[in-house]
file structure_19.cif (mmCIF, C-alpha atoms)
data_data
#
loop_
_atom_site.label_atom_id
_atom_site.label_comp_id
_atom_site.auth_asym_id
_atom_site.auth_seq_id
_atom_site.Cartn_x
_atom_site.Cartn_y
_atom_site.Cartn_z
CA MET A 18 20.28 18.92 -1.35
CA PRO A 19 22.77 20.79 0.82
CA GLU A 20 20.71 23.13 2.99
CA GLU A 21 23.02 24.48 5.70
CA LEU A 22 23.82 27.67 3.87
CA ASP A 23 25.40 30.85 5.01
CA ARG A 24 22.77 33.60 5.01
CA GLU A 25 25.43 36.09 3.94
CA LEU A 26 26.26 33.95 0.89
CA LEU A 27 22.60 33.97 -0.14
CA GLU A 28 22.33 37.72 0.35
CA ARG A 29 25.45 38.23 -1.79
CA PHE A 30 23.82 36.09 -4.48
CA VAL A 31 20.63 38.17 -4.34
CA GLN A 32 22.75 41.29 -4.80
CA GLY A 33 24.29 39.82 -7.96
CA ASP A 34 27.69 38.67 -6.66
CA GLN A 35 28.89 36.14 -9.25
CA GLU A 36 31.40 34.52 -6.87
CA ALA A 37 28.58 33.75 -4.46
CA PHE A 38 26.52 32.41 -7.34
CA GLU A 39 29.38 30.17 -8.47
CA LEU A 40 29.70 28.78 -4.94
CA LEU A 41 25.99 28.02 -4.90
CA PHE A 42 26.23 26.46 -8.36
CA ARG A 43 29.07 24.18 -7.24
CA MET A 44 27.09 23.14 -4.15
CA PHE A 45 23.82 22.39 -5.94
CA GLU A 46 24.91 21.44 -9.45
CA ALA A 47 24.93 17.65 -8.96
CA ASP A 48 21.58 17.53 -7.12
CA VAL A 49 19.85 19.76 -9.63
CA TYR A 50 21.37 17.77 -12.50
CA ARG A 51 20.04 14.47 -11.12
CA TRP A 52 16.61 16.04 -10.59
CA ILE A 53 16.51 17.33 -14.18
CA LEU A 54 17.88 14.09 -15.64
CA ARG A 55 15.04 12.20 -13.97
CA ILE A 56 12.51 14.44 -15.67
CA VAL A 57 13.99 14.79 -19.15
CA CYS A 58 15.61 11.28 -19.36
CA ASP A 59 18.34 12.59 -21.65
CA ALA A 60 21.85 13.25 -20.37
CA SER A 61 22.74 15.83 -22.98
CA ALA A 62 19.43 17.69 -22.68
CA ALA A 63 19.79 17.61 -18.87
CA GLU A 64 23.02 19.61 -19.15
CA ASP A 65 21.34 22.24 -21.35
CA VAL A 66 18.38 22.45 -18.99
CA LEU A 67 20.76 22.79 -16.03
CA VAL A 68 22.43 25.81 -17.65
CA GLU A 69 19.00 27.28 -18.43
CA ALA A 70 17.82 26.71 -14.84
CA PHE A 71 20.83 28.38 -13.22
CA TRP A 72 20.61 31.26 -15.69
CA ARG A 73 16.93 31.73 -14.78
CA ALA A 74 17.87 31.61 -11.11
CA TYR A 75 20.47 34.35 -11.59
CA ARG A 76 18.08 36.45 -13.66
CA GLY A 77 15.35 36.08 -11.01
CA ARG A 78 17.67 36.34 -7.98
CA THR A 79 15.97 39.44 -6.59
CA ARG A 80 12.79 37.41 -6.13
CA PHE A 81 14.60 34.91 -3.89
CA ASP A 82 13.98 35.27 -0.18
CA SER A 83 17.33 34.51 1.48
CA SER A 84 15.57 33.26 4.62
CA ARG A 85 14.04 30.40 2.59
CA SER A 86 15.59 27.19 1.22
CA PHE A 87 17.78 27.80 -1.83
CA GLY A 88 17.55 24.12 -2.74
CA ALA A 89 13.76 24.11 -2.89
CA TRP A 90 13.73 27.36 -4.88
CA MET A 91 16.33 25.99 -7.32
CA ARG A 92 14.44 22.72 -7.73
CA ARG A 93 11.29 24.65 -8.60
CA ILE A 94 13.14 26.63 -11.27
CA ALA A 95 14.77 23.44 -12.59
CA THR A 96 11.39 21.70 -12.76
CA ASN A 97 9.91 24.57 -14.76
CA ALA A 98 12.89 24.58 -17.13
CA ALA A 99 12.63 20.80 -17.56
CA CYS A 100 8.86 21.04 -18.22
CA ASP A 101 9.50 23.74 -20.82
CA HIS A 102 12.05 21.43 -22.43
CA LEU A 103 9.55 18.55 -22.50
CA GLY A 104 6.89 20.84 -23.91
CA THR A 105 9.05 22.25 -26.68
CA SER A 106 10.99 19.16 -27.63
CA ARG A 107 7.78 17.21 -28.36
CA HIS A 108 9.12 14.14 -26.63
CA LEU A 109 6.90 11.79 -28.64
CA ARG A 110 9.62 9.29 -29.18
CA TYR A 111 11.10 6.40 -27.30
CA LEU A 112 14.61 6.49 -25.98
CA GLU A 113 17.07 4.81 -28.28
CA LYS A 114 19.45 2.29 -26.78
CA ARG A 115 22.37 4.67 -27.28
CA GLU A 116 20.58 7.25 -25.12
CA TRP A 117 20.22 4.74 -22.31
CA ASP A 118 23.89 4.00 -22.74
CA ALA A 119 24.51 7.71 -22.38
CA ILE A 120 22.91 7.78 -18.96
CA GLU A 121 24.47 4.44 -18.08
CA ALA A 122 21.32 2.67 -17.01
CA PRO A 123 20.15 -0.41 -18.87
CA PRO A 124 16.59 -0.53 -20.20
CA VAL A 125 14.34 -3.55 -19.84
CA LYS A 126 15.58 -6.67 -21.60
CA ASP A 127 12.72 -6.85 -24.11
CA PRO A 128 13.28 -3.96 -26.57
CA THR A 129 9.72 -4.15 -27.95
CA LEU A 130 8.21 -3.91 -24.48
CA HIS A 131 10.60 -1.07 -23.61
CA GLU A 132 9.62 0.80 -26.75
CA SER A 133 5.90 0.40 -26.02
CA ILE A 134 6.22 1.63 -22.43
CA THR A 135 8.35 4.66 -23.32
CA ARG A 136 6.10 5.44 -26.28
CA ALA A 137 3.03 5.36 -24.01
CA PHE A 138 4.84 7.48 -21.43
CA HIS A 139 5.90 10.13 -23.92
CA LYS A 140 2.35 10.37 -25.22
CA LEU A 141 1.40 11.93 -21.90
CA PRO A 142 1.33 15.73 -21.73
CA ALA A 143 4.52 17.19 -20.20
CA THR A 144 2.69 18.09 -16.97
CA LEU A 145 1.67 14.46 -16.46
CA GLN A 146 5.05 13.05 -17.51
CA VAL A 147 6.75 15.04 -14.75
CA VAL A 148 4.46 13.92 -11.96
CA ALA A 149 4.43 10.33 -13.21
CA MET A 150 8.21 10.18 -13.32
CA LEU A 151 8.69 11.74 -9.90
CA ALA A 152 5.80 10.04 -8.09
CA LEU A 153 5.58 6.61 -9.74
CA VAL A 154 9.14 5.89 -10.84
CA ASP A 155 11.22 7.88 -8.35
CA GLU A 156 8.66 7.53 -5.54
CA ARG A 157 9.23 11.08 -4.36
CA PRO A 158 6.81 12.25 -1.66
CA TYR A 159 3.79 14.18 -2.95
CA ALA A 160 4.75 17.14 -0.76
CA GLU A 161 8.18 17.38 -2.39
CA ILE A 162 6.68 17.20 -5.88
CA ALA A 163 4.04 19.78 -4.98
CA ASP A 164 6.76 22.11 -3.71
CA ALA A 165 8.89 21.66 -6.84
CA LEU A 166 5.94 22.28 -9.13
CA ASP A 167 4.46 25.02 -6.96
CA LEU A 168 1.13 23.19 -6.88
CA PRO A 169 -1.23 22.04 -4.13
CA ILE A 170 -0.75 18.40 -3.10
CA GLY A 171 -4.29 17.63 -4.26
CA THR A 172 -3.42 18.74 -7.79
CA VAL A 173 -0.34 16.51 -7.80
CA LYS A 174 -2.43 13.54 -6.66
CA SER A 175 -5.03 14.16 -9.34
CA ARG A 176 -2.31 14.47 -12.01
CA VAL A 177 -0.78 11.18 -10.89
CA PHE A 178 -4.21 9.56 -11.08
CA ARG A 179 -4.80 10.95 -14.59
CA ALA A 180 -1.33 9.85 -15.69
CA VAL A 181 -1.98 6.28 -14.51
CA VAL A 182 -5.37 6.14 -16.24
CA LYS A 183 -3.93 7.44 -19.53
CA LEU A 184 -0.90 5.15 -19.31
CA ARG A 185 -3.03 2.10 -18.62
CA ARG A 186 -5.29 2.90 -21.57
CA GLU A 187 -2.35 3.48 -23.92
CA LEU A 188 -0.44 0.40 -22.75
CA GLU A 189 -3.53 -1.75 -23.26
CA ARG A 190 -4.02 -0.23 -26.71
CA LEU A 191 -0.43 -1.15 -27.54
CA GLY A 192 -1.08 -4.69 -26.38
CA VAL A 193 1.20 -4.55 -23.34
CA ARG A 194 0.37 -7.13 -20.69
CA PRO A 195 1.97 -7.07 -17.24
CA MET B 2 -3.94 -3.88 -15.47
CA ASN B 3 -3.91 -2.33 -11.98
CA ASP B 4 -1.98 0.72 -10.70
CA GLU B 5 0.84 -1.37 -9.26
CA GLN B 6 1.36 -3.13 -12.59
CA VAL B 7 1.51 0.22 -14.41
CA LYS B 8 4.08 1.43 -11.85
CA HIS B 9 6.11 -1.74 -12.25
CA LEU B 10 6.19 -1.41 -16.04
CA LEU B 11 7.27 2.22 -15.76
CA ARG B 12 10.04 1.42 -13.30
CA SER B 13 11.32 -1.34 -15.53
CA ALA B 14 11.47 1.06 -18.49
CA PHE B 15 13.05 3.94 -16.57
CA PRO B 16 15.71 2.50 -14.25
CA GLN B 17 17.61 4.86 -11.98
CA PRO B 18 20.30 6.57 -14.05
CA GLU B 19 23.75 5.85 -12.72
CA ARG B 20 25.21 9.13 -13.89
CA LYS B 21 25.44 11.46 -10.91
CA GLU B 22 26.76 14.67 -12.42
CA PRO B 23 27.30 16.45 -15.75
CA THR B 24 30.09 15.27 -18.05
CA ARG B 25 31.73 18.71 -18.20
CA ASP B 26 32.06 21.88 -16.21
CA LEU B 27 28.93 23.88 -17.03
CA TRP B 28 29.88 27.03 -15.12
CA PRO B 29 31.54 28.70 -18.17
CA SER B 30 28.31 28.15 -20.16
CA ILE B 31 26.29 29.80 -17.40
CA VAL B 32 28.65 32.79 -17.27
CA ARG B 33 28.44 33.16 -21.07
CA ARG B 34 24.65 33.04 -20.82
CA ILE B 35 24.59 35.67 -18.08
CA GLU B 36 26.88 37.98 -20.01
CA MET B 37 25.01 37.57 -23.28
CA PRO B 38 23.20 40.80 -24.17
CA ARG B 39 19.45 40.44 -24.09
CA VAL B 40 18.22 40.16 -27.68
CA TRP B 41 14.65 40.95 -28.66
CA SER B 42 13.07 38.21 -30.73
CA ARG B 43 10.97 38.99 -33.81
CA ILE B 44 7.84 38.10 -31.88
CA ASP B 45 8.78 40.57 -29.09
CA ILE B 46 9.26 43.32 -31.67
CA VAL B 47 5.98 42.56 -33.49
CA VAL B 48 4.03 42.45 -30.20
CA ALA B 49 5.57 45.73 -28.98
CA ALA B 50 4.94 47.44 -32.33
CA GLY B 51 1.34 46.15 -32.39
CA LEU B 52 0.73 47.42 -28.86
CA LEU B 53 2.10 50.87 -29.64
CA ALA B 54 0.10 51.04 -32.89
CA GLY B 55 -3.06 50.01 -31.01
CA ILE B 56 -2.54 52.73 -28.40
CA ALA B 57 -1.89 55.31 -31.13
CA VAL B 58 -5.06 54.35 -33.03
CA MET B 59 -7.08 54.41 -29.82
CA LEU B 60 -5.83 57.91 -29.00
CA VAL B 61 -6.69 59.17 -32.50
CA VAL B 62 -10.19 57.64 -32.40
CA LEU B 63 -10.88 58.36 -28.73
CA PRO B 64 -8.74 61.27 -27.51
CA LYS B 65 -10.39 61.06 -24.09
CA ALA B 66 -8.75 57.65 -23.68
CA LEU B 67 -5.62 59.63 -22.78
CA LEU B 68 -7.23 60.17 -19.39
CA LEU B 69 -7.54 56.39 -19.02
CA LEU B 70 -3.85 55.99 -19.80
CA ALA B 71 -3.02 58.61 -17.19
CA TYR B 72 -4.51 56.30 -14.56
CA LEU B 73 -2.25 53.38 -15.60
#
call {"tool": "encode", "arguments": {"input": "structure_19.cif", "output": "structure tokens"}}
result
Amino acid sequence: MPEELDRELLERFVQGDQEAFELLFRMFEADVYRWILRIVCDASAAEDVLVEAFWRAYRGRTRFDSSRSFGAWMRRIATNAACDHLGTSRHLRYLEKREWDAIEAPPVKDPTLHESITRAFHKLPATLQVVAMLALVDERPYAEIADALDLPIGTVKSRVFRAVVKLRRELERLGVRP
Amino acid sequence: MNDEQVKHLLRSAFPQPERKEPTRDLWPSIVRRIEMPRVWSRIDIVVAAGLLAGIAVMLVVLPKALLLLAYL
């Protein structure tokens, strides 16, 4: 994320200057979008969550410390908004092929295997889905995930461990073999 | 199935999305959201009404509780 930010711009944002906020939005929009898309796996939902995240950032701007990283703060808000989306949308479904087309990334060749893996993944609680996606699929560092989720690194590690155990159990129940 | 095999299966099911940015300009939606007046939901109203009713009942039953409220 772009981090070399003008302190004055951040202070104007904290004071409620919408022009400053728009500049920040333009700078961080793409990065935050990609981060959210990775968590929610749905291009259309990612756009809604992005709007929600920036709205939350504006609403909570007085809590932002302009000496800190705007990118890290924004990512934390985006992660919370994405988790809320996962929690409320009851993501217990597998992604249809058209949805993969929508994010322009092909799924695995075997549709039955793909369905089983995504079904097992979406059976995880939202808190475990997020860490599993960021740590296991995206291979983000634990420290970065911990910062985005506002959690100690140890908690992230234990969530990853629990996610793997649950996934393994569910995949085996569904008859998936590596 | 070991951890690496679980990871491999996950990565195969969730490849890196190629889309890098939203399909449309989302700034107007954010501005609309900011300018939208804050609306109280039914739950907010019920909770607020319940809280006020609870305080009123407590004051009727225990008038000395007013002193407790003065500390808050």
call {"tool": "residues_around", "arguments": {"input": "structure_19.cif", "residues": "Pro29 (chain B)", "least_positions_apart": "6", "cutoff": "12 Å", "atoms": "all atoms listed in the file", "output": "PyMOL selection string"}}
result
(chain A and resi 35+39+42+68+71-72) or (chain B and resi 35-36)
call {"tool": "interface_residues", "arguments": {"input": "structure_19.cif", "of": "chain A", "to": "chain B", "cutoff": "9 Å", "atoms": "only C-alpha atoms", "output": "MDAnalysis selection string"}}
result
chainID A and resid 35 39 42:43 46:48 50:51 54:55 58 60:61 63:65 67:69 71:72 75:76 117 119:125 130:132 134:135 138 149:150 153:155 181:182 184:185 188:189 194:195
call {"tool": "atom_distance", "arguments": {"input": "structure_19.cif", "atom1": "CA of Val177 (chain A)", "atom2": "CA of Ala143 (chain A)"}}
result
12.3 Å
call {"tool": "atom_distance", "arguments": {"input": "structure_19.cif", "atom1": "CA of Ser175 (chain A)", "atom2": "CA of Gly104 (chain A)"}}
result
20.0 Å
call {"tool": "atom_distance", "arguments": {"input": "structure_19.cif", "atom1": "CA of Ala89 (chain A)", "atom2": "CA of Ala74 (chain A)"}}
result
11.9 Å
call {"tool": "resolve_selection", "arguments": {"input": "structure_19.cif", "expression": "the PyMOL selection byres ((chain A and resi 158-168) around 6)", "output": "ChimeraX atom specification"}}
result
/A:92-93,157,169-170
call {"tool": "residues_around", "arguments": {"input": "structure_19.cif", "residues": "Leu69 (chain B)", "least_positions_apart": "5", "cutoff": "12 Å", "atoms": "only C-alpha atoms", "output": "list in words"}}
result
Ile56, Met59, Leu60, Leu63 and Pro64 of chain B
call {"tool": "decode", "arguments": {"input": "structure_19.cif", "residues": "chain B", "atoms": "C-alpha atoms", "output": "PDB file, in the first residue's frame"}}
result
ATOM      1  CA  MET B   2      -3.760 -35.656   4.593  1.00  0.00           C
ATOM      2  CA  ASN B   3      -0.987 -33.378   5.903  1.00  0.00           C
ATOM      3  CA  ASP B   4      -0.943 -29.563   6.274  1.00  0.00           C
ATOM      4  CA  GLU B   5       0.857 -29.033   2.972  1.00  0.00           C
ATOM      5  CA  GLN B   6      -1.740 -31.087   1.118  1.00  0.00           C
ATOM      6  CA  VAL B   7      -4.563 -29.059   2.696  1.00  0.00           C
ATOM      7  CA  LYS B   8      -2.775 -25.855   1.645  1.00  0.00           C
ATOM      8  CA  HIS B   9      -2.277 -27.165  -1.875  1.00  0.00           C
ATOM      9  CA  LEU B  10      -5.959 -28.054  -2.234  1.00  0.00           C
ATOM     10  CA  LEU B  11      -6.983 -24.625  -0.974  1.00  0.00           C
ATOM     11  CA  ARG B  12      -4.639 -22.828  -3.356  1.00  0.00           C
ATOM     12  CA  SER B  13      -5.945 -24.847  -6.262  1.00  0.00           C
ATOM     13  CA  ALA B  14      -9.526 -23.898  -5.380  1.00  0.00           C
ATOM     14  CA  PHE B  15      -8.794 -20.216  -4.749  1.00  0.00           C
ATOM     15  CA  PRO B  16      -6.366 -19.006  -7.425  1.00  0.00           C
ATOM     16  CA  GLN B  17      -5.163 -15.419  -7.318  1.00  0.00           C
ATOM     17  CA  PRO B  18      -7.903 -13.214  -8.758  1.00  0.00           C
ATOM     18  CA  GLU B  19      -6.714 -11.320 -11.794  1.00  0.00           C
ATOM     19  CA  ARG B  20      -9.008  -8.377 -11.224  1.00  0.00           C
ATOM     20  CA  LYS B  21      -6.993  -5.562  -9.689  1.00  0.00           C
ATOM     21  CA  GLU B  22      -9.579  -2.865  -9.096  1.00  0.00           C
ATOM     22  CA  PRO B  23     -13.341  -2.259  -8.931  1.00  0.00           C
ATOM     23  CA  THR B  24     -15.351  -2.236 -12.152  1.00  0.00           C
ATOM     24  CA  ARG B  25     -16.763   1.249 -11.520  1.00  0.00           C
ATOM     25  CA  ASP B  26     -15.960   4.440  -9.699  1.00  0.00           C
ATOM     26  CA  LEU B  27     -17.114   3.853  -6.125  1.00  0.00           C
ATOM     27  CA  TRP B  28     -16.435   7.364  -4.834  1.00  0.00           C
ATOM     28  CA  PRO B  29     -19.986   8.625  -5.599  1.00  0.00           C
ATOM     29  CA  SER B  30     -21.411   5.702  -3.565  1.00  0.00           C
ATOM     30  CA  ILE B  31     -19.178   6.622  -0.632  1.00  0.00           C
ATOM     31  CA  VAL B  32     -20.240  10.281  -0.797  1.00  0.00           C
ATOM     32  CA  ARG B  33     -23.913   9.241  -0.895  1.00  0.00           C
ATOM     33  CA  ARG B  34     -23.318   7.010   2.125  1.00  0.00           C
ATOM     34  CA  ILE B  35     -21.601   9.805   4.040  1.00  0.00           C
ATOM     35  CA  GLU B  36     -24.368  12.266   3.276  1.00  0.00           C
ATOM     36  CA  MET B  37     -27.155   9.845   4.128  1.00  0.00           C
ATOM     37  CA  PRO B  38     -28.896  10.924   7.343  1.00  0.00           C
ATOM     38  CA  ARG B  39     -28.384   8.491  10.169  1.00  0.00           C
ATOM     39  CA  VAL B  40     -31.559   6.434  10.539  1.00  0.00           C
ATOM     40  CA  TRP B  41     -32.436   4.629  13.751  1.00  0.00           C
ATOM     41  CA  SER B  42     -33.354   1.013  13.177  1.00  0.00           C
ATOM     42  CA  ARG B  43     -36.334  -0.598  14.927  1.00  0.00           C
ATOM     43  CA  ILE B  44     -33.960  -2.490  17.186  1.00  0.00           C
ATOM     44  CA  ASP B  45     -32.226   0.779  18.216  1.00  0.00           C
ATOM     45  CA  ILE B  46     -35.593   2.316  19.083  1.00  0.00           C
ATOM     46  CA  VAL B  47     -36.773  -0.743  21.050  1.00  0.00           C
ATOM     47  CA  VAL B  48     -33.483  -0.938  22.988  1.00  0.00           C
ATOM     48  CA  ALA B  49     -33.536   2.803  23.798  1.00  0.00           C
ATOM     49  CA  ALA B  50     -37.194   2.664  24.860  1.00  0.00           C
ATOM     50  CA  GLY B  51     -36.526  -0.428  27.007  1.00  0.00           C
ATOM     51  CA  LEU B  52     -33.570   1.272  28.684  1.00  0.00           C
ATOM     52  CA  LEU B  53     -35.551   4.416  29.471  1.00  0.00           C
ATOM     53  CA  ALA B  54     -38.489   2.357  30.769  1.00  0.00           C
ATOM     54  CA  GLY B  55     -36.114   0.327  32.959  1.00  0.00           C
ATOM     55  CA  ILE B  56     -34.601   3.481  34.448  1.00  0.00           C
ATOM     56  CA  ALA B  57     -38.068   4.943  35.058  1.00  0.00           C
ATOM     57  CA  VAL B  58     -39.276   1.770  36.825  1.00  0.00           C
ATOM     58  CA  MET B  59     -36.101   1.643  38.896  1.00  0.00           C
ATOM     59  CA  LEU B  60     -36.585   5.247  40.016  1.00  0.00           C
ATOM     60  CA  VAL B  61     -40.217   4.594  40.987  1.00  0.00           C
ATOM     61  CA  VAL B  62     -39.321   1.436  42.939  1.00  0.00           C
ATOM     62  CA  LEU B  63     -36.042   2.726  44.380  1.00  0.00           C
ATOM     63  CA  PRO B  64     -36.031   6.533  44.488  1.00  0.00           C
ATOM     64  CA  LYS B  65     -32.601   6.476  46.136  1.00  0.00           C
ATOM     65  CA  ALA B  66     -31.239   5.018  42.896  1.00  0.00           C
ATOM     66  CA  LEU B  67     -31.313   8.609  41.631  1.00  0.00           C
ATOM     67  CA  LEU B  68     -28.161   9.138  43.670  1.00  0.00           C
ATOM     68  CA  LEU B  69     -26.546   6.243  41.795  1.00  0.00           C
ATOM     69  CA  LEU B  70     -27.461   7.860  38.483  1.00  0.00           C
ATOM     70  CA  ALA B  71     -25.932  11.115  39.662  1.00  0.00           C
ATOM     71  CA  TYR B  72     -22.578   9.338  39.868  1.00  0.00           C
ATOM     72  CA  LEU B  73     -22.794   8.152  36.221  1.00  0.00           C
TER      73      LEU B  73
END
